[in-house]
$ cat start-v9.csv   # CSV, C-alpha atoms
chain,number,residue,atom,x,y,z
T,1,MET,CA,181.0,53.1,14.6
T,2,LYS,CA,178.9,54.6,11.8
T,3,SER,CA,175.2,54.2,12.2
T,4,VAL,CA,171.8,55.4,10.8
T,5,VAL,CA,169.8,56.8,13.7
T,6,LEU,CA,166.2,58.1,13.7
T,7,HIS,CA,165.8,60.8,16.4
T,8,GLU,CA,162.7,61.9,18.4
T,9,ASP,CA,162.1,64.8,16.0
T,10,LYS,CA,161.9,62.2,13.1
T,11,THR,CA,165.2,63.4,11.6
T,12,LEU,CA,167.4,60.6,10.2
T,13,LYS,CA,171.1,61.1,10.8
T,14,ILE,CA,174.3,59.3,9.9
T,15,GLN,CA,176.4,59.5,13.0
T,16,ASP,CA,179.0,57.8,15.2
T,17,SER,CA,177.4,55.5,17.9
T,18,PRO,CA,179.1,53.5,20.7
T,19,MET,CA,180.1,50.0,19.9
T,20,PRO,CA,177.5,47.4,21.1
T,21,ASN,CA,178.1,45.7,24.4
T,22,LEU,CA,177.8,41.9,24.4
T,23,SER,CA,175.4,40.2,26.9
T,24,GLY,CA,175.5,36.5,27.7
T,25,GLY,CA,174.9,34.4,24.7
T,26,GLN,CA,175.4,37.2,22.2
T,27,VAL,CA,177.9,37.7,19.4
T,28,LEU,CA,179.2,40.8,17.7
T,29,VAL,CA,178.6,40.9,13.9
T,30,HIS,CA,180.6,43.2,11.6
T,31,LEU,CA,177.8,44.0,9.1
T,32,LYS,CA,178.8,44.1,5.5
T,33,ALA,CA,175.4,45.2,4.1
T,34,SER,CA,171.9,45.9,5.2
T,35,ALA,CA,168.6,46.5,3.3
T,36,LEU,CA,165.6,48.8,3.5
T,37,ASN,CA,162.0,47.8,4.0
T,38,HIS,CA,158.9,49.9,4.0
T,39,ARG,CA,158.8,49.4,7.7
T,40,GLU,CA,161.6,52.0,8.0
T,41,LEU,CA,159.5,54.5,6.1
T,42,TRP,CA,156.5,54.0,8.5
T,43,ILE,CA,158.8,54.3,11.5
T,44,ALA,CA,160.3,57.5,10.1
T,45,GLN,CA,156.8,58.9,9.8
T,46,GLY,CA,155.9,57.9,13.3
T,47,LEU,CA,153.3,55.5,11.9
T,48,TYR,CA,154.4,52.4,13.9
T,49,PRO,CA,153.3,51.1,17.3
T,50,GLY,CA,155.6,51.3,20.3
T,51,MET,CA,157.8,54.1,19.1
T,52,LYS,CA,161.0,54.4,21.1
T,53,LEU,CA,163.5,56.9,19.8
T,54,PRO,CA,166.4,57.5,19.1
T,55,CYS,CA,167.1,54.1,17.5
T,56,ILE,CA,169.4,52.6,14.9
T,57,LEU,CA,167.1,51.5,12.1
T,58,GLY,CA,167.2,48.3,10.0
T,59,ALA,CA,166.0,44.7,10.2
T,60,ASP,CA,167.9,43.1,7.3
T,61,GLY,CA,171.6,42.4,7.6
T,62,ALA,CA,174.5,40.1,6.9
T,63,GLY,CA,178.1,40.1,8.0
T,64,VAL,CA,180.9,38.3,9.8
T,65,VAL,CA,181.0,37.2,13.4
T,66,GLU,CA,183.8,39.2,15.0
T,67,ALA,CA,183.6,38.5,18.7
T,68,VAL,CA,181.5,36.5,21.3
T,69,ALA,CA,180.4,37.1,24.8
T,70,ALA,CA,182.7,36.0,27.6
T,71,ASP,CA,180.5,33.0,28.4
T,72,MET,CA,180.8,31.5,24.9
T,73,GLU,CA,183.2,29.4,22.9
T,74,PRO,CA,184.9,31.3,20.0
T,75,GLU,CA,184.3,28.7,17.3
T,76,CYS,CA,181.8,30.9,15.4
T,77,ILE,CA,184.2,33.8,15.0
T,78,GLY,CA,184.9,34.5,11.4
T,79,GLN,CA,181.7,32.9,10.1
T,80,GLU,CA,179.8,34.6,7.4
T,81,VAL,CA,176.2,34.9,8.5
T,82,ILE,CA,172.7,36.3,7.8
T,83,ILE,CA,170.7,37.6,10.8
T,84,TYR,CA,167.2,36.4,11.7
T,85,PRO,CA,165.5,39.8,11.9
T,86,ALA,CA,163.6,39.6,15.2
T,87,TYR,CA,163.5,38.6,18.9
T,88,ASP,CA,161.2,36.4,20.9
T,89,TRP,CA,159.1,34.6,18.4
T,90,GLY,CA,158.6,31.9,21.0
T,91,SER,CA,158.1,28.1,20.9
T,92,SER,CA,154.9,28.0,18.8
T,93,GLU,CA,155.0,27.9,15.1
T,94,SER,CA,151.4,29.0,14.7
T,95,ALA,CA,152.0,32.6,16.0
T,96,PRO,CA,154.7,34.6,17.8
T,97,THR,CA,154.5,35.7,21.4
T,98,ARG,CA,153.4,39.1,22.5
T,99,ASP,CA,157.0,40.0,23.1
T,100,PHE,CA,157.9,39.4,19.5
T,101,ARG,CA,159.7,42.4,17.9
T,102,VAL,CA,161.6,43.2,14.8
T,103,LEU,CA,165.1,44.6,14.8
T,104,GLY,CA,165.5,48.3,14.2
T,105,MET,CA,163.1,49.8,16.8
T,106,PRO,CA,162.9,49.5,19.7
T,107,ASP,CA,166.1,47.3,19.6
T,108,PRO,CA,169.1,48.5,17.7
T,109,GLY,CA,169.0,47.6,14.0
T,110,THR,CA,171.3,46.6,11.2
T,111,MET,CA,172.0,50.0,9.6
T,112,ALA,CA,175.3,50.2,11.4
T,113,GLU,CA,178.8,48.9,11.2
T,114,TYR,CA,178.3,46.5,14.1
T,115,ILE,CA,175.4,44.8,15.9
T,116,ALA,CA,175.1,42.5,18.9
T,117,VAL,CA,172.6,39.7,18.6
T,118,ASP,CA,171.9,36.3,20.1
T,119,LEU,CA,173.9,33.5,18.6
T,120,ASP,CA,170.7,31.5,17.7
T,121,MET,CA,169.6,34.4,15.4
T,122,LEU,CA,172.4,33.6,13.0
T,123,VAL,CA,172.3,31.3,9.9
T,124,PRO,CA,175.3,30.6,7.6
T,125,LYS,CA,175.3,32.8,4.5
T,126,PRO,CA,175.0,30.6,1.3
T,127,SER,CA,178.3,30.8,-0.6
T,128,TYR,CA,176.6,31.7,-3.9
T,129,MET,CA,175.1,34.9,-2.5
T,130,SER,CA,176.9,38.3,-2.5
T,131,TRP,CA,176.8,40.3,0.7
T,132,THR,CA,174.1,42.7,-0.8
T,133,GLN,CA,171.9,39.7,-1.8
T,134,ALA,CA,172.3,38.0,1.6
T,135,ALA,CA,171.4,41.2,3.5
T,136,SER,CA,168.4,41.9,1.4
T,137,LEU,CA,166.5,38.7,2.0
T,138,PRO,CA,165.5,38.3,5.7
T,139,VAL,CA,162.3,40.3,6.1
T,140,ALA,CA,160.9,40.1,2.6
T,141,TYR,CA,161.8,36.5,1.9
T,142,LEU,CA,160.8,35.2,5.3
T,143,THR,CA,157.4,37.0,5.0
T,144,ALA,CA,156.8,35.5,1.6
T,145,TRP,CA,158.0,32.0,2.7
T,146,ARG,CA,155.6,31.8,5.7
T,147,ALA,CA,152.7,33.2,3.6
T,148,LEU,CA,153.2,30.8,0.7
T,149,MET,CA,154.5,27.7,2.4
T,150,THR,CA,153.1,27.6,5.9
T,151,HIS,CA,149.8,29.4,5.4
T,152,GLY,CA,149.2,28.8,1.7
T,153,GLN,CA,150.5,25.2,1.6
T,154,MET,CA,151.8,26.0,-1.9
T,155,SER,CA,152.2,23.1,-4.4
T,156,THR,CA,153.1,22.7,-8.0
T,157,SER,CA,149.5,22.3,-9.0
T,158,MET,CA,148.5,25.7,-7.7
T,159,ARG,CA,147.8,28.9,-9.6
T,160,ILE,CA,149.0,31.9,-7.6
T,161,LEU,CA,148.3,35.6,-7.8
T,162,ILE,CA,150.9,38.0,-6.3
T,163,THR,CA,149.6,41.6,-6.0
T,164,GLY,CA,151.8,44.7,-6.3
T,165,ILE,CA,154.7,42.9,-7.9
T,166,GLY,CA,157.2,45.8,-7.5
T,167,GLY,CA,157.4,45.3,-3.8
T,168,GLY,CA,160.1,43.3,-2.0
T,169,VAL,CA,157.8,40.6,-0.5
T,170,ALA,CA,156.0,40.3,-3.8
T,171,ARG,CA,159.3,39.8,-5.7
T,172,ALA,CA,160.4,37.3,-3.1
T,173,GLY,CA,157.1,35.5,-3.5
T,174,LEU,CA,157.6,35.3,-7.3
T,175,SER,CA,161.1,33.8,-6.9
T,176,LEU,CA,160.0,31.2,-4.3
T,177,ALA,CA,156.8,30.2,-6.1
T,178,ARG,CA,158.6,29.7,-9.4
T,179,ALA,CA,161.3,27.7,-7.8
T,180,ALA,CA,158.6,25.5,-6.3
T,181,GLY,CA,157.0,25.0,-9.7
T,182,ALA,CA,153.8,26.9,-9.2
T,183,GLU,CA,152.1,29.0,-11.9
T,184,VAL,CA,152.3,32.7,-11.0
T,185,TRP,CA,150.2,35.7,-12.1
T,186,VAL,CA,150.8,39.2,-10.9
T,187,THR,CA,149.2,42.6,-10.6
T,188,SER,CA,150.7,46.1,-10.9
T,189,SER,CA,149.8,49.6,-11.9
T,190,SER,CA,152.9,49.6,-14.1
T,191,GLN,CA,153.1,47.6,-17.4
T,192,ASP,CA,156.9,47.7,-17.2
T,193,LYS,CA,156.8,45.9,-13.8
T,194,ILE,CA,154.4,43.3,-15.2
T,195,GLU,CA,156.7,42.7,-18.2
T,196,ASN,CA,159.7,42.4,-15.9
T,197,ALA,CA,157.8,39.9,-13.8
T,198,ILE,CA,157.1,37.9,-16.9
T,199,SER,CA,160.8,37.9,-17.8
T,200,LEU,CA,161.4,36.4,-14.3
T,201,GLY,CA,158.9,33.6,-14.8
T,202,ALA,CA,155.4,35.0,-14.2
T,203,ALA,CA,152.8,33.6,-16.6
T,204,GLY,CA,151.3,37.1,-17.1
T,205,GLY,CA,149.6,40.0,-15.2
T,206,VAL,CA,146.9,42.6,-15.1
T,207,ASN,CA,146.8,46.3,-14.2
T,208,TYR,CA,144.9,46.8,-11.0
T,209,LYS,CA,144.0,50.3,-12.0
T,210,ASP,CA,141.6,48.9,-14.5
T,211,ASP,CA,138.3,48.3,-12.9
T,212,SER,CA,137.8,45.1,-14.8
T,213,TRP,CA,141.0,43.5,-13.7
T,214,PRO,CA,139.4,40.6,-11.8
T,215,GLN,CA,137.5,39.6,-14.9
T,216,ASP,CA,140.6,40.2,-17.1
T,217,LEU,CA,142.6,37.9,-14.8
T,218,VAL,CA,140.1,35.1,-15.1
T,219,ALA,CA,140.0,35.5,-18.9
T,220,GLN,CA,143.8,35.2,-19.1
T,221,SER,CA,144.6,32.7,-16.4
T,222,GLY,CA,141.6,30.7,-15.2
T,223,ARG,CA,140.8,30.8,-11.5
T,224,ILE,CA,143.3,31.4,-8.8
T,225,ASP,CA,144.0,29.1,-5.8
T,226,LEU,CA,146.2,31.3,-3.6
T,227,VAL,CA,146.7,35.1,-3.4
T,228,LEU,CA,149.8,36.7,-1.8
T,229,ASP,CA,148.4,40.1,-1.0
T,230,SER,CA,150.1,43.3,0.0
T,231,SER,CA,147.0,45.4,0.1
T,232,PRO,CA,143.6,43.7,0.4
T,233,LEU,CA,140.7,45.1,-1.7
T,234,ALA,CA,138.2,47.4,-0.2
T,235,GLU,CA,135.5,45.0,-1.3
T,236,LEU,CA,136.7,41.5,-0.5
T,237,ASP,CA,133.8,40.1,-2.5
T,238,ARG,CA,135.7,41.0,-5.6
T,239,TYR,CA,138.1,38.1,-4.9
T,240,LEU,CA,135.3,35.8,-5.6
T,241,LYS,CA,135.4,36.8,-9.3
T,242,PHE,CA,138.7,35.0,-9.7
T,243,LEU,CA,139.2,32.6,-6.7
T,244,ASN,CA,138.6,28.9,-6.9
T,245,TYR,CA,136.4,27.2,-4.3
T,246,GLY,CA,138.6,26.6,-1.3
T,247,GLY,CA,141.0,29.4,-2.3
T,248,LYS,CA,143.2,31.3,0.1
T,249,ILE,CA,144.0,35.0,0.5
T,250,VAL,CA,147.2,35.5,2.6
T,251,ALA,CA,147.6,39.2,3.5
T,252,TYR,CA,150.9,40.5,4.8
T,253,GLY,CA,150.3,44.2,4.7
T,254,SER,CA,147.8,47.0,4.1
T,255,THR,CA,149.7,49.6,2.0
T,256,ALA,CA,146.6,51.5,1.1
T,257,ASN,CA,145.4,51.5,4.7
T,258,ARG,CA,141.8,51.0,3.7
T,259,LEU,CA,138.8,49.6,5.4
T,260,THR,CA,137.3,46.5,3.8
T,261,THR,CA,133.9,44.9,3.5
T,262,LEU,CA,132.9,41.3,3.2
T,263,ASN,CA,129.8,39.3,2.3
T,264,ILE,CA,130.5,36.5,4.7
T,265,SER,CA,128.0,34.1,3.4
T,266,LYS,CA,129.7,33.9,0.0
T,267,PHE,CA,133.1,33.4,1.6
T,268,PHE,CA,132.0,30.5,3.9
T,269,LEU,CA,129.9,28.8,1.2
T,270,ARG,CA,132.9,28.8,-1.1
T,271,GLN,CA,135.3,27.7,1.7
T,272,ILE,CA,137.4,30.8,1.1
T,273,GLN,CA,140.1,31.5,3.7
T,274,PHE,CA,141.4,35.0,4.5
T,275,ILE,CA,144.7,34.7,6.5
T,276,GLY,CA,146.9,37.4,8.1
T,277,THR,CA,150.6,36.9,8.3
T,278,ALA,CA,153.7,38.7,9.3
T,279,MET,CA,157.4,37.7,9.2
T,280,GLY,CA,158.0,34.1,10.3
T,281,SER,CA,159.7,31.9,12.9
T,282,PRO,CA,163.4,31.0,13.3
T,283,ARG,CA,162.6,27.5,12.1
T,284,GLU,CA,161.0,28.9,9.0
T,285,PHE,CA,164.0,31.1,8.4
T,286,ARG,CA,166.3,28.2,8.4
T,287,GLN,CA,164.0,26.3,6.0
T,288,LEU,CA,164.0,29.4,3.8
T,289,ILE,CA,167.8,29.6,3.6
T,290,ASP,CA,168.0,25.9,2.9
T,291,PHE,CA,165.5,26.3,0.0
T,292,LEU,CA,167.3,29.3,-1.4
T,293,GLU,CA,170.6,27.4,-1.3
T,294,LEU,CA,169.2,24.3,-2.8
T,295,HIS,CA,167.7,26.2,-5.8
T,296,GLU,CA,170.4,28.9,-5.9
T,297,ILE,CA,167.7,31.5,-6.3
T,298,ASP,CA,168.8,34.8,-7.5
T,299,ILE,CA,168.0,37.7,-5.1
T,300,PRO,CA,167.2,40.7,-7.3
T,301,ILE,CA,168.8,44.0,-6.2
T,302,ASP,CA,167.3,47.3,-7.5
T,303,ARG,CA,169.9,49.7,-6.3
T,304,VAL,CA,172.8,49.9,-3.8
T,305,PHE,CA,173.8,52.9,-1.8
T,306,PRO,CA,176.8,53.4,0.5
T,307,LEU,CA,175.9,53.3,4.2
T,308,ASN,CA,176.2,57.0,4.7
T,309,GLN,CA,173.7,57.7,1.9
T,310,ALA,CA,170.9,56.0,3.8
T,311,VAL,CA,168.8,59.2,3.8
T,312,GLU,CA,169.0,59.2,0.0
T,313,ALA,CA,168.2,55.5,-0.1
T,314,MET,CA,165.1,56.1,2.1
T,315,GLN,CA,164.0,58.9,-0.2
T,316,TYR,CA,164.4,56.6,-3.2
T,317,LEU,CA,162.4,53.8,-1.6
T,318,ALA,CA,159.6,56.2,-0.9
T,319,THR,CA,159.2,57.0,-4.6
T,320,GLY,CA,158.0,53.4,-5.2
T,321,GLN,CA,160.2,53.1,-8.3
T,322,GLN,CA,162.2,50.1,-7.2
T,323,GLU,CA,162.0,46.5,-8.6
T,324,GLY,CA,163.8,44.5,-6.1
T,325,LYS,CA,165.6,45.5,-2.9
T,326,VAL,CA,167.2,48.8,-2.0
T,327,VAL,CA,170.5,47.9,-0.2
T,328,LEU,CA,173.1,49.7,1.9
T,329,ASP,CA,176.7,48.5,1.3
T,330,HIS,CA,178.6,49.0,4.5
T,331,ARG,CA,181.9,48.4,2.7
T,332,GLU,CA,181.4,51.5,0.7
T,333,ILE,CA,181.4,54.8,2.5
T,334,SER,CA,181.5,57.7,0.2
$ encode --input "start-v9.csv" --output "structure tokens"
Amino acid sequence: MKSVVLHEDKTLKIQDSPMPNLSGGQVLVHLKASALNHRELWIAQGLYPGMKLPCILGADGAGVVEAVAADMEPECIGQEVIIYPAYDWGSSESAPTRDFRVLGMPDPGTMAEYIAVDLDMLVPKPSYMSWTQAASLPVAYLTAWRALMTHGQMSTSMRILITGIGGGVARAGLSLARAAGAEVWVTSSSQDKIENAISLGAAGGVNYKDDSWPQDLVAQSGRIDLVLDSSPLAELDRYLKFLNYGGKIVAYGSTANRLTTLNISKFFLRQIQFIGTAMGSPREFRQLIDFLELHEIDIPIDRVFPLNQAVEAMQYLATGQQEGKVVLDHREIS
């Protein structure tokens, strides 16, 4: 089968790999599409813990169940599914186990024609979604869902700020928050991305390159209740310029890889919460898919590449130009 493999020397190759073997309780999924996340860029640069190479990359994927292990009944064969993108979350909803790991390193990922996964990792693909839309949602939308719904306790009365609106999780957060009826404001260094977010339902936005952006945000929006944050500020005290008392900052990344400072007295006196989050549980994933199907939320795609142009797709993602997901269509092999 065709697959996208990262090797020990950090070279990414499109190559033939052996078909997966099915262990007990597993199914074989014929993948129709997969999607890229910045996680793949960090892995390709060796900037990820627990590196074990070579490995087939990719955490996001959707396809059709083609076979099941010998100990299973065949009823699920032929089902169109989306794959929960990780193993071993565990029984607690508050946090995963130490064995939790995302598909695509060290376990084989979704950037291949086939993958073997546990049956309980599959959810039915909503009929309104295309294959490329379905494949692009697991990591980004699940991360946004847990951040907003579980940690943020988002409601229609809230005013929400989403930082770095060009990113996949940020765009997912905008879609989910608007469908839930919340008021959304955004930041970006690109006015075009801010305008695009407004066309998708954001109330407005500010350029985070402007030093006065926290004050500008307050002037335009009033104070913020919840921040969905891809890159926390170096001085966390600056959040106090626009956060309401009792506000929450939910951080799911640190794209700038910066150290931060905090005046803790101001935070506790104003009842501010700073919460870290990553991915989400299988239960949250099922809740997410139900919510998407109920509201028939559009999953924006920026650009689609054939599977064997994965190297070009990674290079494109690294430019930061995208608005929406970068997807590999496995049905197209140029």
$ closest_residue --input "start-v9.csv" --among "T:Ser199, T:Ser175, T:Ser189, T:Gln315" --to "His38 (chain T)" --atoms "only C-alpha atoms"
T:Gln315
$ closest_residue --input "start-v9.csv" --among "T:Lys266, T:Lys13, T:Arg283, T:Lys32" --to "Ser136 (chain T)" --atoms "all atoms listed in the file"
T:Lys32
$ residues_around --input "start-v9.csv" --residues "Ala219 (chain T)" --least-positions-apart "2" --cutoff "12 Å" --atoms "only C-alpha atoms" --output "compact mmCIF listing (two decimals) with C-alpha atoms, in the coordinates of the input"
# COMPACT_ATOMS: atom_id res chain seq x y z
CA GLY T 204 151.30 37.10 -17.10
CA GLY T 205 149.60 40.00 -15.20
CA VAL T 206 146.90 42.60 -15.10
CA SER T 212 137.80 45.10 -14.80
CA TRP T 213 141.00 43.50 -13.70
CA PRO T 214 139.40 40.60 -11.80
CA GLN T 215 137.50 39.60 -14.90
CA ASP T 216 140.60 40.20 -17.10
CA LEU T 217 142.60 37.90 -14.80
CA SER T 221 144.60 32.70 -16.40
CA GLY T 222 141.60 30.70 -15.20
CA ARG T 223 140.80 30.80 -11.50
CA ILE T 224 143.30 31.40 -8.80
CA LYS T 241 135.40 36.80 -9.30
CA PHE T 242 138.70 35.00 -9.70
$ residues_around --input "start-v9.csv" --residues "Ile43 (chain T)" --least-positions-apart "3" --cutoff "10 Å" --atoms "all atoms listed in the file" --output "PyMOL selection string"
chain T and resi 6+10+38-40+46-53+57+104-105
$ atom_distance --input "start-v9.csv" --atom1 "CA of Gly247 (chain T)" --atom2 "CA of Pro300 (chain T)"
29.0 Å
$ atom_distance --input "start-v9.csv" --atom1 "CA of Glu93 (chain T)" --atom2 "CA of Ile297 (chain T)"
25.1 Å
$ residues_around --input "start-v9.csv" --residues "Leu240 (chain T)" --least-positions-apart "4" --cutoff "9 Å" --atoms "all atoms listed in the file" --output "PDB file with C-alpha atoms, keeping the file's coordinate frame"
ATOM      1  CA  PRO T 214     139.400  40.600 -11.800  1.00  0.00           C
ATOM      2  CA  LEU T 236     136.700  41.500  -0.500  1.00  0.00           C
ATOM      3  CA  ASN T 244     138.600  28.900  -6.900  1.00  0.00           C
ATOM      4  CA  TYR T 245     136.400  27.200  -4.300  1.00  0.00           C
ATOM      5  CA  LYS T 266     129.700  33.900   0.000  1.00  0.00           C
ATOM      6  CA  PHE T 267     133.100  33.400   1.600  1.00  0.00           C
ATOM      7  CA  ARG T 270     132.900  28.800  -1.100  1.00  0.00           C
ATOM      8  CA  ILE T 272     137.400  30.800   1.100  1.00  0.00           C
TER       9      ILE T 272
END
$ atom_distance --input "start-v9.csv" --atom1 "CA of Phe274 (chain T)" --atom2 "CA of Arg98 (chain T)"
22.0 Å
$ residues_near_point --input "start-v9.csv" --point "(173.8, 54.7, 0.3)" --cutoff "10 Å" --atoms "only C-alpha atoms" --output "ChimeraX atom specification"
/T:303-314,326-330,332-334
$ closest_residue --input "start-v9.csv" --among "T:Ser281, T:Gln273, T:Thr163, T:Gln322" --to "Pro96 (chain T)" --atoms "only C-alpha atoms"
T:Ser281
$ residues_around --input "start-v9.csv" --residues "Gln191 (chain T)" --least-positions-apart "4" --cutoff "10 Å" --atoms "all atoms listed in the file" --output "list in words"
Thr187, Glu195, Asn196, Ala197, Gly205, Val206 and Asn207 of chain T
$ closest_residue --input "start-v9.csv" --among "T:His151, T:Lys193, T:Arg171, T:His30" --to "Val64 (chain T)" --atoms "all atoms listed in the file"
T:His30
$ closest_residue --input "start-v9.csv" --among "T:Glu293, T:Glu183, T:Glu8, T:Asp118" --to "Val65 (chain T)" --atoms "all atoms listed in the file"
T:Asp118
$ residues_around --input "start-v9.csv" --residues "region 146-150 of chain T" --least-positions-apart "5" --cutoff "12 Å" --atoms "all atoms listed in the file" --output "PDB file with C-alpha atoms, in the coordinates of the input"
ATOM      1  CA  GLU T  93     155.000  27.900  15.100  1.00  0.00           C
ATOM      2  CA  SER T  94     151.400  29.000  14.700  1.00  0.00           C
ATOM      3  CA  ALA T  95     152.000  32.600  16.000  1.00  0.00           C
ATOM      4  CA  PRO T 138     165.500  38.300   5.700  1.00  0.00           C
ATOM      5  CA  VAL T 139     162.300  40.300   6.100  1.00  0.00           C
ATOM      6  CA  ALA T 140     160.900  40.100   2.600  1.00  0.00           C
ATOM      7  CA  TYR T 141     161.800  36.500   1.900  1.00  0.00           C
ATOM      8  CA  SER T 155     152.200  23.100  -4.400  1.00  0.00           C
ATOM      9  CA  THR T 156     153.100  22.700  -8.000  1.00  0.00           C
ATOM     10  CA  MET T 158     148.500  25.700  -7.700  1.00  0.00           C
ATOM     11  CA  ARG T 159     147.800  28.900  -9.600  1.00  0.00           C
ATOM     12  CA  ILE T 160     149.000  31.900  -7.600  1.00  0.00           C
ATOM     13  CA  LEU T 161     148.300  35.600  -7.800  1.00  0.00           C
ATOM     14  CA  ILE T 162     150.900  38.000  -6.300  1.00  0.00           C
ATOM     15  CA  VAL T 169     157.800  40.600  -0.500  1.00  0.00           C
ATOM     16  CA  ALA T 170     156.000  40.300  -3.800  1.00  0.00           C
ATOM     17  CA  ALA T 172     160.400  37.300  -3.100  1.00  0.00           C
ATOM     18  CA  GLY T 173     157.100  35.500  -3.500  1.00  0.00           C
ATOM     19  CA  LEU T 174     157.600  35.300  -7.300  1.00  0.00           C
ATOM     20  CA  SER T 175     161.100  33.800  -6.900  1.00  0.00           C
ATOM     21  CA  LEU T 176     160.000  31.200  -4.300  1.00  0.00           C
ATOM     22  CA  ALA T 177     156.800  30.200  -6.100  1.00  0.00           C
ATOM     23  CA  ARG T 178     158.600  29.700  -9.400  1.00  0.00           C
ATOM     24  CA  ALA T 180     158.600  25.500  -6.300  1.00  0.00           C
ATOM     25  CA  ALA T 182     153.800  26.900  -9.200  1.00  0.00           C
ATOM     26  CA  VAL T 184     152.300  32.700 -11.000  1.00  0.00           C
ATOM     27  CA  ASP T 225     144.000  29.100  -5.800  1.00  0.00           C
ATOM     28  CA  LEU T 226     146.200  31.300  -3.600  1.00  0.00           C
ATOM     29  CA  VAL T 227     146.700  35.100  -3.400  1.00  0.00           C
ATOM     30  CA  LEU T 228     149.800  36.700  -1.800  1.00  0.00           C
ATOM     31  CA  ASP T 229     148.400  40.100  -1.000  1.00  0.00           C
ATOM     32  CA  SER T 230     150.100  43.300   0.000  1.00  0.00           C
ATOM     33  CA  LYS T 248     143.200  31.300   0.100  1.00  0.00           C
ATOM     34  CA  ILE T 249     144.000  35.000   0.500  1.00  0.00           C
ATOM     35  CA  VAL T 250     147.200  35.500   2.600  1.00  0.00           C
ATOM     36  CA  ALA T 251     147.600  39.200   3.500  1.00  0.00           C
ATOM     37  CA  TYR T 252     150.900  40.500   4.800  1.00  0.00           C
ATOM     38  CA  GLY T 253     150.300  44.200   4.700  1.00  0.00           C
ATOM     39  CA  PHE T 274     141.400  35.000   4.500  1.00  0.00           C
ATOM     40  CA  ILE T 275     144.700  34.700   6.500  1.00  0.00           C
ATOM     41  CA  GLY T 276     146.900  37.400   8.100  1.00  0.00           C
ATOM     42  CA  THR T 277     150.600  36.900   8.300  1.00  0.00           C
ATOM     43  CA  ALA T 278     153.700  38.700   9.300  1.00  0.00           C
ATOM     44  CA  MET T 279     157.400  37.700   9.200  1.00  0.00           C
ATOM     45  CA  GLY T 280     158.000  34.100  10.300  1.00  0.00           C
ATOM     46  CA  SER T 281     159.700  31.900  12.900  1.00  0.00           C
ATOM     47  CA  PRO T 282     163.400  31.000  13.300  1.00  0.00           C
ATOM     48  CA  ARG T 283     162.600  27.500  12.100  1.00  0.00           C
ATOM     49  CA  GLU T 284     161.000  28.900   9.000  1.00  0.00           C
ATOM     50  CA  PHE T 285     164.000  31.100   8.400  1.00  0.00           C
ATOM     51  CA  ARG T 286     166.300  28.200   8.400  1.00  0.00           C
ATOM     52  CA  GLN T 287     164.000  26.300   6.000  1.00  0.00           C
ATOM     53  CA  LEU T 288     164.000  29.400   3.800  1.00  0.00           C
ATOM     54  CA  PHE T 291     165.500  26.300   0.000  1.00  0.00           C
TER      55      PHE T 291
END
$ closest_residue --input "start-v9.csv" --among "T:Cys55, T:Ile115, T:Leu292, T:Leu41" --to "Thr319 (chain T)" --atoms "all atoms listed in the file"
T:Leu41
